[in-house]
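Participant: Just upload.cif, nothing more (mmCIF, N, CA and C atoms):
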data_run
#
loop_
_atom_site.label_atom_id
_atom_site.label_comp_id
_atom_site.auth_asym_id
_atom_site.auth_seq_id
_atom_site.Cartn_x
_atom_site.Cartn_y
_atom_site.Cartn_z
N MET A 1 41.09 307.18 11.54
CA MET A 1 42.34 307.61 10.96
C MET A 1 43.46 306.74 11.53
N GLU A 2 44.33 306.30 10.69
CA GLU A 2 45.45 305.47 11.11
C GLU A 2 46.61 306.34 11.57
N ALA A 3 47.22 305.96 12.67
CA ALA A 3 48.37 306.71 13.19
C ALA A 3 49.62 306.33 12.44
N ARG A 4 50.49 307.32 12.26
CA ARG A 4 51.80 307.05 11.64
C ARG A 4 52.74 306.52 12.72
N THR A 5 53.56 305.55 12.35
CA THR A 5 54.57 305.10 13.27
C THR A 5 55.82 305.93 13.05
N LEU A 6 56.75 305.82 13.97
CA LEU A 6 57.99 306.57 13.86
C LEU A 6 59.11 305.74 13.26
N SER A 7 58.75 304.71 12.51
CA SER A 7 59.79 303.87 11.92
C SER A 7 60.51 304.58 10.78
N GLN A 8 59.92 305.65 10.26
CA GLN A 8 60.56 306.47 9.24
C GLN A 8 61.01 307.76 9.90
N PRO A 9 61.83 308.58 9.22
CA PRO A 9 62.26 309.83 9.82
C PRO A 9 61.06 310.65 10.28
N MET A 10 61.15 311.19 11.48
CA MET A 10 60.04 311.91 12.08
C MET A 10 59.90 313.30 11.48
N GLU A 11 58.70 313.64 11.11
CA GLU A 11 58.39 314.98 10.66
C GLU A 11 57.28 315.51 11.55
N LEU A 12 57.42 316.75 11.98
CA LEU A 12 56.40 317.31 12.85
C LEU A 12 55.30 318.00 12.07
N GLY A 13 55.37 317.96 10.74
CA GLY A 13 54.31 318.53 9.94
C GLY A 13 53.03 317.72 10.11
N ASP A 14 51.93 318.34 9.76
CA ASP A 14 50.65 317.66 9.89
C ASP A 14 50.56 316.46 8.95
N GLY A 15 49.87 315.44 9.40
CA GLY A 15 49.62 314.26 8.58
C GLY A 15 48.47 314.54 7.63
N SER A 16 47.92 313.50 7.06
CA SER A 16 46.84 313.67 6.10
C SER A 16 45.65 314.36 6.78
N GLY A 17 45.03 315.27 6.05
CA GLY A 17 43.88 315.99 6.59
C GLY A 17 44.24 317.01 7.64
N GLY A 18 45.52 317.38 7.77
CA GLY A 18 45.91 318.39 8.74
C GLY A 18 46.00 317.89 10.17
N VAL A 19 46.02 316.57 10.37
CA VAL A 19 46.04 316.01 11.72
C VAL A 19 47.38 315.33 11.98
N LEU A 20 47.98 315.62 13.13
CA LEU A 20 49.22 314.98 13.54
C LEU A 20 48.88 313.86 14.50
N ARG A 21 49.36 312.64 14.22
CA ARG A 21 49.12 311.53 15.14
C ARG A 21 50.18 310.46 14.90
N TYR A 22 50.93 310.16 15.95
CA TYR A 22 51.94 309.11 15.90
C TYR A 22 51.60 308.05 16.94
N SER A 23 51.94 306.81 16.65
CA SER A 23 51.66 305.72 17.57
C SER A 23 52.78 304.69 17.49
N ALA A 24 53.07 304.04 18.61
CA ALA A 24 54.10 303.00 18.63
C ALA A 24 53.81 302.01 19.75
N GLN A 25 54.17 300.77 19.49
CA GLN A 25 54.07 299.72 20.50
C GLN A 25 55.22 299.87 21.49
N ALA A 26 54.95 299.59 22.75
CA ALA A 26 55.99 299.71 23.77
C ALA A 26 55.70 298.75 24.92
N MET A 27 56.74 298.45 25.65
CA MET A 27 56.56 297.78 26.94
C MET A 27 56.43 298.92 27.95
N VAL A 28 55.34 298.91 28.70
CA VAL A 28 54.99 300.02 29.58
C VAL A 28 55.16 299.59 31.03
N SER A 29 55.92 300.38 31.79
CA SER A 29 56.12 300.13 33.22
C SER A 29 55.73 301.38 33.99
N TRP A 30 55.11 301.19 35.13
CA TRP A 30 54.72 302.30 35.99
C TRP A 30 55.52 302.23 37.28
N ARG A 31 55.93 303.38 37.81
CA ARG A 31 56.68 303.40 39.07
C ARG A 31 55.80 302.87 40.20
N VAL A 32 56.38 301.98 40.99
CA VAL A 32 55.66 301.44 42.14
C VAL A 32 56.19 301.99 43.46
N ARG A 33 57.45 302.45 43.45
CA ARG A 33 57.98 303.11 44.66
C ARG A 33 59.21 303.92 44.30
N GLU A 34 59.56 304.79 45.24
CA GLU A 34 60.69 305.69 45.05
C GLU A 34 61.42 305.80 46.39
N ALA A 35 62.74 305.77 46.34
CA ALA A 35 63.53 305.86 47.57
C ALA A 35 64.55 306.99 47.44
N PRO A 36 64.73 307.78 48.49
CA PRO A 36 65.73 308.85 48.43
C PRO A 36 67.15 308.28 48.43
N ILE A 37 68.05 308.99 47.76
CA ILE A 37 69.47 308.63 47.75
C ILE A 37 70.21 309.73 48.50
N TRP A 38 70.87 309.33 49.59
CA TRP A 38 71.59 310.28 50.44
C TRP A 38 73.09 310.02 50.36
N ARG A 39 73.87 311.08 50.47
CA ARG A 39 75.32 310.94 50.54
C ARG A 39 75.85 312.10 51.38
N GLY A 40 76.56 311.76 52.43
CA GLY A 40 77.12 312.79 53.31
C GLY A 40 76.04 313.68 53.91
N GLY A 41 74.88 313.11 54.18
CA GLY A 41 73.80 313.87 54.78
C GLY A 41 73.04 314.76 53.80
N LYS A 42 73.36 314.66 52.50
CA LYS A 42 72.69 315.48 51.49
C LYS A 42 71.85 314.59 50.57
N LEU A 43 70.68 315.07 50.27
CA LEU A 43 69.80 314.36 49.34
C LEU A 43 70.31 314.57 47.92
N LEU A 44 70.70 313.48 47.25
CA LEU A 44 71.20 313.57 45.89
C LEU A 44 70.09 313.40 44.85
N GLY A 45 69.06 312.70 45.20
CA GLY A 45 67.98 312.43 44.26
C GLY A 45 67.18 311.23 44.72
N TYR A 46 66.52 310.60 43.77
CA TYR A 46 65.65 309.47 44.10
C TYR A 46 65.90 308.32 43.14
N SER A 47 65.70 307.12 43.63
CA SER A 47 65.80 305.91 42.83
C SER A 47 64.40 305.34 42.67
N GLU A 48 63.99 305.16 41.42
CA GLU A 48 62.66 304.63 41.16
C GLU A 48 62.70 303.12 41.00
N THR A 49 61.69 302.46 41.48
CA THR A 49 61.48 301.04 41.23
C THR A 49 60.25 300.94 40.34
N MET A 50 60.46 300.37 39.17
CA MET A 50 59.36 300.26 38.22
C MET A 50 58.68 298.91 38.38
N GLY A 51 57.37 298.90 38.15
CA GLY A 51 56.60 297.67 38.18
C GLY A 51 56.89 296.83 36.95
N PRO A 52 56.28 295.66 36.87
CA PRO A 52 56.53 294.78 35.73
C PRO A 52 56.03 295.42 34.44
N PRO A 53 56.80 295.26 33.35
CA PRO A 53 56.37 295.82 32.07
C PRO A 53 55.20 295.02 31.48
N SER A 54 54.33 295.75 30.79
CA SER A 54 53.24 295.08 30.07
C SER A 54 53.15 295.69 28.67
N PRO A 55 52.71 294.91 27.70
CA PRO A 55 52.61 295.43 26.34
C PRO A 55 51.60 296.57 26.28
N GLY A 56 51.91 297.57 25.48
CA GLY A 56 51.01 298.70 25.35
C GLY A 56 51.31 299.52 24.12
N THR A 57 50.64 300.67 24.06
CA THR A 57 50.78 301.58 22.93
C THR A 57 50.86 303.01 23.43
N ALA A 58 51.76 303.77 22.84
CA ALA A 58 51.84 305.22 23.09
C ALA A 58 51.35 305.90 21.82
N THR A 59 50.48 306.89 21.98
CA THR A 59 49.95 307.65 20.85
C THR A 59 50.05 309.13 21.18
N ALA A 60 50.64 309.89 20.27
CA ALA A 60 50.77 311.34 20.46
C ALA A 60 50.05 312.04 19.32
N ASP A 61 49.26 313.06 19.69
CA ASP A 61 48.66 313.94 18.70
C ASP A 61 48.97 315.37 19.12
N ARG A 62 48.39 316.35 18.48
CA ARG A 62 48.71 317.76 18.77
C ARG A 62 48.35 318.16 20.20
N GLU A 63 47.35 317.49 20.78
CA GLU A 63 46.82 317.92 22.08
C GLU A 63 47.33 317.14 23.28
N ALA A 64 47.67 315.85 23.09
CA ALA A 64 47.95 315.02 24.25
C ALA A 64 48.71 313.76 23.86
N ILE A 65 49.22 313.09 24.90
CA ILE A 65 49.78 311.75 24.72
C ILE A 65 48.85 310.78 25.44
N SER A 66 48.60 309.65 24.78
CA SER A 66 47.79 308.59 25.36
C SER A 66 48.68 307.36 25.53
N ILE A 67 48.49 306.70 26.65
CA ILE A 67 49.22 305.46 26.91
C ILE A 67 48.20 304.40 27.28
N GLU A 68 48.22 303.33 26.53
CA GLU A 68 47.31 302.21 26.78
C GLU A 68 48.16 300.99 27.13
N SER A 69 47.86 300.38 28.27
CA SER A 69 48.55 299.15 28.65
C SER A 69 47.60 298.35 29.52
N SER A 70 47.96 297.09 29.76
CA SER A 70 47.09 296.26 30.58
C SER A 70 47.14 296.69 32.04
N GLY A 71 48.23 297.37 32.44
CA GLY A 71 48.33 297.82 33.83
C GLY A 71 47.52 299.06 34.11
N GLN A 72 47.81 300.15 33.41
CA GLN A 72 47.11 301.42 33.57
C GLN A 72 47.07 302.10 32.21
N SER A 73 46.14 303.00 32.06
CA SER A 73 46.02 303.74 30.81
C SER A 73 45.58 305.16 31.12
N GLY A 74 45.80 306.05 30.15
CA GLY A 74 45.33 307.41 30.34
C GLY A 74 45.74 308.30 29.18
N ARG A 75 45.24 309.52 29.25
CA ARG A 75 45.54 310.55 28.24
C ARG A 75 45.84 311.83 29.00
N TRP A 76 46.99 312.45 28.65
CA TRP A 76 47.43 313.65 29.35
C TRP A 76 47.77 314.74 28.35
N GLY A 77 47.23 315.93 28.58
CA GLY A 77 47.59 317.09 27.78
C GLY A 77 49.03 317.47 28.07
N TYR A 78 49.67 318.11 27.11
CA TYR A 78 51.10 318.42 27.25
C TYR A 78 51.38 319.40 28.38
N LEU A 79 50.43 320.23 28.74
CA LEU A 79 50.63 321.15 29.87
C LEU A 79 50.61 320.39 31.20
N GLU A 80 50.10 319.18 31.22
CA GLU A 80 50.04 318.37 32.43
C GLU A 80 51.35 317.63 32.72
N LEU A 81 52.16 317.41 31.68
CA LEU A 81 53.39 316.64 31.86
C LEU A 81 54.36 317.42 32.74
N ARG A 82 55.05 316.71 33.63
CA ARG A 82 55.96 317.37 34.56
C ARG A 82 57.42 317.22 34.14
N ALA A 83 57.75 316.17 33.38
CA ALA A 83 59.11 315.96 32.89
C ALA A 83 59.08 314.94 31.77
N VAL A 84 60.05 315.05 30.86
CA VAL A 84 60.21 314.11 29.75
C VAL A 84 61.71 313.88 29.60
N GLN A 85 62.12 312.59 29.64
CA GLN A 85 63.55 312.30 29.51
C GLN A 85 63.76 310.87 29.04
N THR A 86 64.86 310.67 28.32
CA THR A 86 65.25 309.30 28.00
C THR A 86 66.09 308.78 29.15
N SER A 87 65.99 307.50 29.36
CA SER A 87 66.76 306.84 30.40
C SER A 87 67.19 305.49 29.84
N SER A 88 68.46 305.38 29.51
CA SER A 88 68.99 304.17 28.90
C SER A 88 68.26 303.91 27.58
N SER A 89 67.50 302.85 27.50
CA SER A 89 66.82 302.50 26.25
C SER A 89 65.32 302.78 26.30
N SER A 90 64.91 303.68 27.17
CA SER A 90 63.48 303.94 27.31
C SER A 90 63.21 305.44 27.46
N LEU A 91 61.94 305.77 27.43
CA LEU A 91 61.50 307.15 27.63
C LEU A 91 60.69 307.19 28.92
N GLN A 92 61.01 308.15 29.78
CA GLN A 92 60.27 308.32 31.02
C GLN A 92 59.49 309.62 30.96
N ILE A 93 58.23 309.55 31.40
CA ILE A 93 57.36 310.73 31.44
C ILE A 93 56.81 310.85 32.84
N SER A 94 57.05 312.01 33.45
CA SER A 94 56.51 312.30 34.77
C SER A 94 55.13 312.92 34.59
N LEU A 95 54.13 312.32 35.24
CA LEU A 95 52.74 312.69 35.05
C LEU A 95 52.17 313.34 36.31
N PRO A 96 51.00 313.95 36.20
CA PRO A 96 50.37 314.53 37.39
C PRO A 96 50.17 313.47 38.47
N GLY A 97 50.06 313.92 39.71
CA GLY A 97 49.85 312.99 40.82
C GLY A 97 51.09 312.21 41.17
N ASP A 98 52.26 312.75 40.82
CA ASP A 98 53.55 312.12 41.11
C ASP A 98 53.65 310.71 40.52
N ARG A 99 53.09 310.53 39.34
CA ARG A 99 53.16 309.25 38.64
C ARG A 99 54.28 309.31 37.61
N LEU A 100 54.91 308.16 37.39
CA LEU A 100 55.99 308.05 36.41
C LEU A 100 55.72 306.82 35.54
N VAL A 101 55.81 307.00 34.22
CA VAL A 101 55.65 305.89 33.30
C VAL A 101 56.92 305.78 32.48
N GLN A 102 57.29 304.55 32.20
CA GLN A 102 58.48 304.28 31.39
C GLN A 102 58.06 303.48 30.17
N LEU A 103 58.47 303.96 28.98
CA LEU A 103 58.12 303.31 27.73
C LEU A 103 59.38 302.77 27.08
N CYS A 104 59.41 301.48 26.84
CA CYS A 104 60.51 300.85 26.12
C CYS A 104 59.94 300.41 24.77
N PHE A 105 60.23 301.19 23.74
CA PHE A 105 59.63 300.96 22.43
C PHE A 105 60.20 299.70 21.80
N THR A 106 59.30 298.92 21.19
CA THR A 106 59.73 297.65 20.62
C THR A 106 60.42 297.82 19.27
N VAL A 107 60.00 298.81 18.47
CA VAL A 107 60.66 299.03 17.18
C VAL A 107 61.01 300.49 16.93
N ASP A 108 60.62 301.39 17.78
CA ASP A 108 60.90 302.80 17.59
C ASP A 108 61.95 303.30 18.58
N SER A 109 62.40 304.50 18.35
CA SER A 109 63.49 305.09 19.12
C SER A 109 62.98 305.96 20.27
N PRO A 110 63.46 305.72 21.49
CA PRO A 110 63.06 306.60 22.60
C PRO A 110 63.53 308.04 22.37
N LYS A 111 64.65 308.22 21.70
CA LYS A 111 65.16 309.57 21.42
C LYS A 111 64.22 310.31 20.47
N ARG A 112 63.72 309.62 19.45
CA ARG A 112 62.77 310.27 18.54
C ARG A 112 61.48 310.63 19.26
N TRP A 113 61.02 309.76 20.16
CA TRP A 113 59.81 310.07 20.92
C TRP A 113 60.07 311.23 21.89
N GLU A 114 61.25 311.26 22.48
CA GLU A 114 61.59 312.39 23.35
C GLU A 114 61.57 313.69 22.54
N ASP A 115 62.19 313.70 21.36
CA ASP A 115 62.20 314.89 20.51
C ASP A 115 60.78 315.31 20.13
N LEU A 116 59.95 314.33 19.76
CA LEU A 116 58.57 314.61 19.39
C LEU A 116 57.82 315.24 20.56
N LEU A 117 57.91 314.63 21.73
CA LEU A 117 57.18 315.16 22.89
C LEU A 117 57.70 316.52 23.31
N ARG A 118 58.99 316.72 23.25
CA ARG A 118 59.54 318.04 23.59
C ARG A 118 58.97 319.12 22.67
N GLN A 119 58.91 318.83 21.37
CA GLN A 119 58.36 319.80 20.44
C GLN A 119 56.88 320.06 20.73
N LEU A 120 56.12 319.01 20.99
CA LEU A 120 54.69 319.17 21.25
C LEU A 120 54.44 319.90 22.57
N VAL A 121 55.28 319.64 23.58
CA VAL A 121 55.17 320.37 24.86
C VAL A 121 55.48 321.85 24.64
N ARG A 122 56.55 322.14 23.91
CA ARG A 122 56.90 323.54 23.62
C ARG A 122 55.76 324.26 22.91
N GLU A 123 55.20 323.59 21.89
CA GLU A 123 54.08 324.20 21.16
C GLU A 123 52.90 324.47 22.09
N ALA A 124 52.58 323.53 22.96
CA ALA A 124 51.45 323.70 23.89
C ALA A 124 51.69 324.87 24.83
N TYR A 125 52.91 324.99 25.37
CA TYR A 125 53.23 326.11 26.27
C TYR A 125 53.13 327.44 25.53
N GLN A 126 53.62 327.48 24.30
CA GLN A 126 53.56 328.73 23.53
C GLN A 126 52.11 329.09 23.20
N ARG A 127 51.29 328.11 22.80
CA ARG A 127 49.87 328.39 22.52
C ARG A 127 49.16 328.92 23.75
N ALA A 128 49.54 328.42 24.92
CA ALA A 128 48.90 328.83 26.17
C ALA A 128 49.49 330.13 26.73
N GLY A 129 50.51 330.68 26.05
CA GLY A 129 51.13 331.92 26.52
C GLY A 129 51.94 331.74 27.80
N ARG A 130 52.48 330.54 28.00
CA ARG A 130 53.22 330.24 29.23
C ARG A 130 54.73 330.29 29.05
N GLY A 131 55.22 330.79 27.93
CA GLY A 131 56.66 330.95 27.73
C GLY A 131 57.28 329.82 26.95
N PHE A 132 58.61 329.93 26.81
CA PHE A 132 59.40 328.94 26.08
C PHE A 132 59.96 327.92 27.06
N VAL A 133 59.74 326.64 26.80
CA VAL A 133 60.27 325.58 27.66
C VAL A 133 61.76 325.47 27.40
N ARG A 134 62.55 325.64 28.45
CA ARG A 134 64.00 325.57 28.32
C ARG A 134 64.58 324.30 28.93
N GLU A 135 63.81 323.62 29.74
CA GLU A 135 64.29 322.43 30.43
C GLU A 135 63.16 321.42 30.55
N PHE A 136 63.49 320.12 30.43
CA PHE A 136 62.47 319.08 30.48
C PHE A 136 62.66 318.11 31.65
N GLN A 137 63.79 318.17 32.30
CA GLN A 137 64.03 317.33 33.46
C GLN A 137 65.10 317.97 34.33
N PRO A 138 65.06 317.94 35.63
CA PRO A 138 64.16 317.07 36.37
C PRO A 138 62.69 317.50 36.35
N ARG A 139 62.42 318.73 35.96
CA ARG A 139 61.05 319.21 35.81
C ARG A 139 60.98 320.14 34.60
N ILE A 140 59.82 320.20 33.96
CA ILE A 140 59.64 321.14 32.86
C ILE A 140 59.71 322.56 33.42
N ALA A 141 60.55 323.40 32.82
CA ALA A 141 60.74 324.78 33.28
C ALA A 141 60.73 325.71 32.08
N VAL A 142 60.17 326.90 32.27
CA VAL A 142 60.10 327.90 31.20
C VAL A 142 60.96 329.09 31.54
N ARG A 143 61.22 329.93 30.53
CA ARG A 143 61.93 331.18 30.78
C ARG A 143 61.02 332.31 30.46
#
Write out the structure in this file as structure tokens.

Facilitator:
Amino acid sequence: MEARTLSQPMELGDGSGGVLRYSAQAMVSWRVREAPIWRGGKLLGYSETMGPPSPGTATADREAISIESSGQSGRWGYLELRAVQTSSSSLQISLPGDRLVQLCFTVDSPKRWEDLLRQLVREAYQRAGRGFVREFQPRIAVR
């Protein structure tokens, strides 16, 4: 089955045959280190250093997101994701094991991918009876 790209307006309805699947080319970077940011003795947050970008593909279906790149690859169910957010011109996804991936889409919109993933995460939480997701960053939180 061929994946639909997000170059057209995004619809969350099922694709042909009742299957939802979107795919897009992206430059994929993985976090290589993180440093705390302090001010006046208080921890304000963290600054991530991303590794070199490599060409790859992001694919989302009803159950999981898959990321394929020359650096690292994997597939994660939506209940496994820890945070989803846009950052400048890219999408960042916090993964299990304190991993962070950044996707800079070559022809698609990071905002549309953020909207898509937020909807799919919400659906997964509701199917699992884990509540309504009210926040996606700095961590996914339910009410």

Participant: Any idea what's packed within 7 Å of region 67-72 of chain A, counting all atoms listed in the file, ignoring anything in its chain fewer than 3 positions away? Could you give it as a list in words?

Facilitator: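 Close residues of region 67-72 of chain A: Val28, Ser54, Pro55, Gly56, Thr57, Ala58, Thr59, Arg75 and Trp76 of chain A.
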
Participant: Can you tell me how far CA of Glu114 (chain A) sits from CA of Ser87 (chain A), in Å to one decimal?

Facilitator: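 Atom-to-atom, CA of Glu114 (chain A) to CA of Ser87 (chain A), that is 10.4 Å.
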
Participant: Could you make a table, as a Markdown table, of the residues of region 9-89 of chain A that have an atom within 8 Å of an atom of region 117-121 of chain A, each with its nearest atom pair and distance in Å to one decimal, counting only N, CA and C atoms, in chain and number order?

Facilitator:
| residue | atom | partner | partner_atom | distance |
| --- | --- | --- | --- | --- |
| A:Ala60 | CA | A:Leu117 | CA | 7.8 |
| A:Asp61 | C | A:Leu120 | CA | 7.2 |
| A:Arg62 | C | A:Leu120 | CA | 6.5 |
| A:Glu63 | N | A:Leu120 | CA | 7.5 |
| A:Ala64 | N | A:Leu120 | C | 7.9 |
| A:Gly77 | C | A:Val121 | CA | 7.5 |
| A:Tyr78 | CA | A:Val121 | CA | 5.1 |
| A:Leu79 | N | A:Val121 | CA | 6.1 |
| A:Val84 | CA | A:Arg118 | N | 7.1 |

Participant: Put a box with edges along x, y and z around all the listed atoms of region 56-68 of chain A, pad it by 5 Å on each side, then give me its centre and sizes in Å, one decimal, as JSON.

Facilitator:
{"center_x": 49.4, "center_y": 307.9, "center_z": 22.9, "size_x": 15.1, "size_y": 30.6, "size_z": 18.8}

Participant: Pull out every residue that the PyMOL selection byres ((chain A and resi 36) around 6) matches in the shown coordinates and put them as a PyMOL selection string.

Facilitator: chain A and resi 34-35+37-38+45-47

Participant: Tell me, as a list of chain:residue names, which residues lie within 10 Å of Thr106 (chain A), counting only C-alpha atoms; anything in the same chain fewer than 4 positions away does not count.

Facilitator: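 With the cut-off at 10 Å, the set is A:Ala24, A:Gln25, A:Ala26, A:Met27, A:Pro55, A:Gly56, A:Ser90, A:Pro110.
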
Participant: Can you rebuild region 95-116 of chain A with N, CA, C and O atoms and give it as a CSV table (one decimal), in the coordinates of the input?

Facilitator:
chain,number,residue,atom,x,y,z
A,95,LEU,N,54.1,312.3,35.2
A,95,LEU,CA,52.7,312.7,35.0
A,95,LEU,C,52.2,313.3,36.3
A,95,LEU,O,52.8,313.3,37.4
A,96,PRO,N,51.0,314.0,36.2
A,96,PRO,CA,50.4,314.5,37.4
A,96,PRO,C,50.2,313.5,38.5
A,96,PRO,O,50.1,312.3,38.2
A,97,GLY,N,50.1,313.9,39.7
A,97,GLY,CA,49.8,313.0,40.8
A,97,GLY,C,51.1,312.2,41.2
A,97,GLY,O,51.0,311.1,41.7
A,98,ASP,N,52.3,312.8,40.8
A,98,ASP,CA,53.6,312.1,41.1
A,98,ASP,C,53.6,310.7,40.5
A,98,ASP,O,54.2,309.8,41.1
A,99,ARG,N,53.1,310.5,39.3
A,99,ARG,CA,53.2,309.2,38.6
A,99,ARG,C,54.3,309.3,37.6
A,99,ARG,O,54.6,310.4,37.0
A,100,LEU,N,54.9,308.2,37.4
A,100,LEU,CA,56.0,308.0,36.4
A,100,LEU,C,55.7,306.8,35.5
A,100,LEU,O,55.4,305.7,36.1
A,101,VAL,N,55.8,307.0,34.2
A,101,VAL,CA,55.6,305.9,33.3
A,101,VAL,C,56.9,305.8,32.5
A,101,VAL,O,57.6,306.8,32.1
A,102,GLN,N,57.3,304.6,32.2
A,102,GLN,CA,58.5,304.3,31.4
A,102,GLN,C,58.1,303.5,30.2
A,102,GLN,O,57.4,302.5,30.3
A,103,LEU,N,58.5,304.0,29.0
A,103,LEU,CA,58.1,303.3,27.7
A,103,LEU,C,59.4,302.8,27.1
A,103,LEU,O,60.3,303.5,26.8
A,104,CYS,N,59.4,301.5,26.8
A,104,CYS,CA,60.5,300.8,26.1
A,104,CYS,C,59.9,300.4,24.8
A,104,CYS,O,59.2,299.4,24.7
A,105,PHE,N,60.2,301.2,23.7
A,105,PHE,CA,59.6,301.0,22.4
A,105,PHE,C,60.2,299.7,21.8
A,105,PHE,O,61.4,299.5,21.8
A,106,THR,N,59.3,298.9,21.2
A,106,THR,CA,59.7,297.6,20.6
A,106,THR,C,60.4,297.8,19.3
A,106,THR,O,61.3,297.1,19.0
A,107,VAL,N,60.0,298.8,18.5
A,107,VAL,CA,60.7,299.0,17.2
A,107,VAL,C,61.0,300.5,16.9
A,107,VAL,O,61.6,300.8,15.9
A,108,ASP,N,60.6,301.4,17.8
A,108,ASP,CA,60.9,302.8,17.6
A,108,ASP,C,62.0,303.3,18.6
A,108,ASP,O,62.3,302.6,19.5
A,109,SER,N,62.4,304.5,18.4
A,109,SER,CA,63.5,305.1,19.1
A,109,SER,C,63.0,306.0,20.3
A,109,SER,O,62.2,306.9,20.0
A,110,PRO,N,63.5,305.7,21.5
A,110,PRO,CA,63.1,306.6,22.6
A,110,PRO,C,63.5,308.0,22.4
A,110,PRO,O,62.8,309.0,22.8
A,111,LYS,N,64.6,308.2,21.7
A,111,LYS,CA,65.2,309.6,21.4
A,111,LYS,C,64.2,310.3,20.5
A,111,LYS,O,63.9,311.5,20.7
A,112,ARG,N,63.7,309.6,19.4
A,112,ARG,CA,62.8,310.3,18.5
A,112,ARG,C,61.5,310.6,19.3
A,112,ARG,O,60.9,311.7,19.0
A,113,TRP,N,61.0,309.8,20.2
A,113,TRP,CA,59.8,310.1,20.9
A,113,TRP,C,60.1,311.2,21.9
A,113,TRP,O,59.2,312.1,22.1
A,114,GLU,N,61.2,311.3,22.5
A,114,GLU,CA,61.6,312.4,23.4
A,114,GLU,C,61.6,313.7,22.5
A,114,GLU,O,61.0,314.7,23.0
A,115,ASP,N,62.2,313.7,21.4
A,115,ASP,CA,62.2,314.9,20.5
A,115,ASP,C,60.8,315.3,20.1
A,115,ASP,O,60.4,316.5,20.2
A,116,LEU,N,60.0,314.3,19.8
A,116,LEU,CA,58.6,314.6,19.4
A,116,LEU,C,57.8,315.2,20.6
A,116,LEU,O,57.2,316.3,20.4
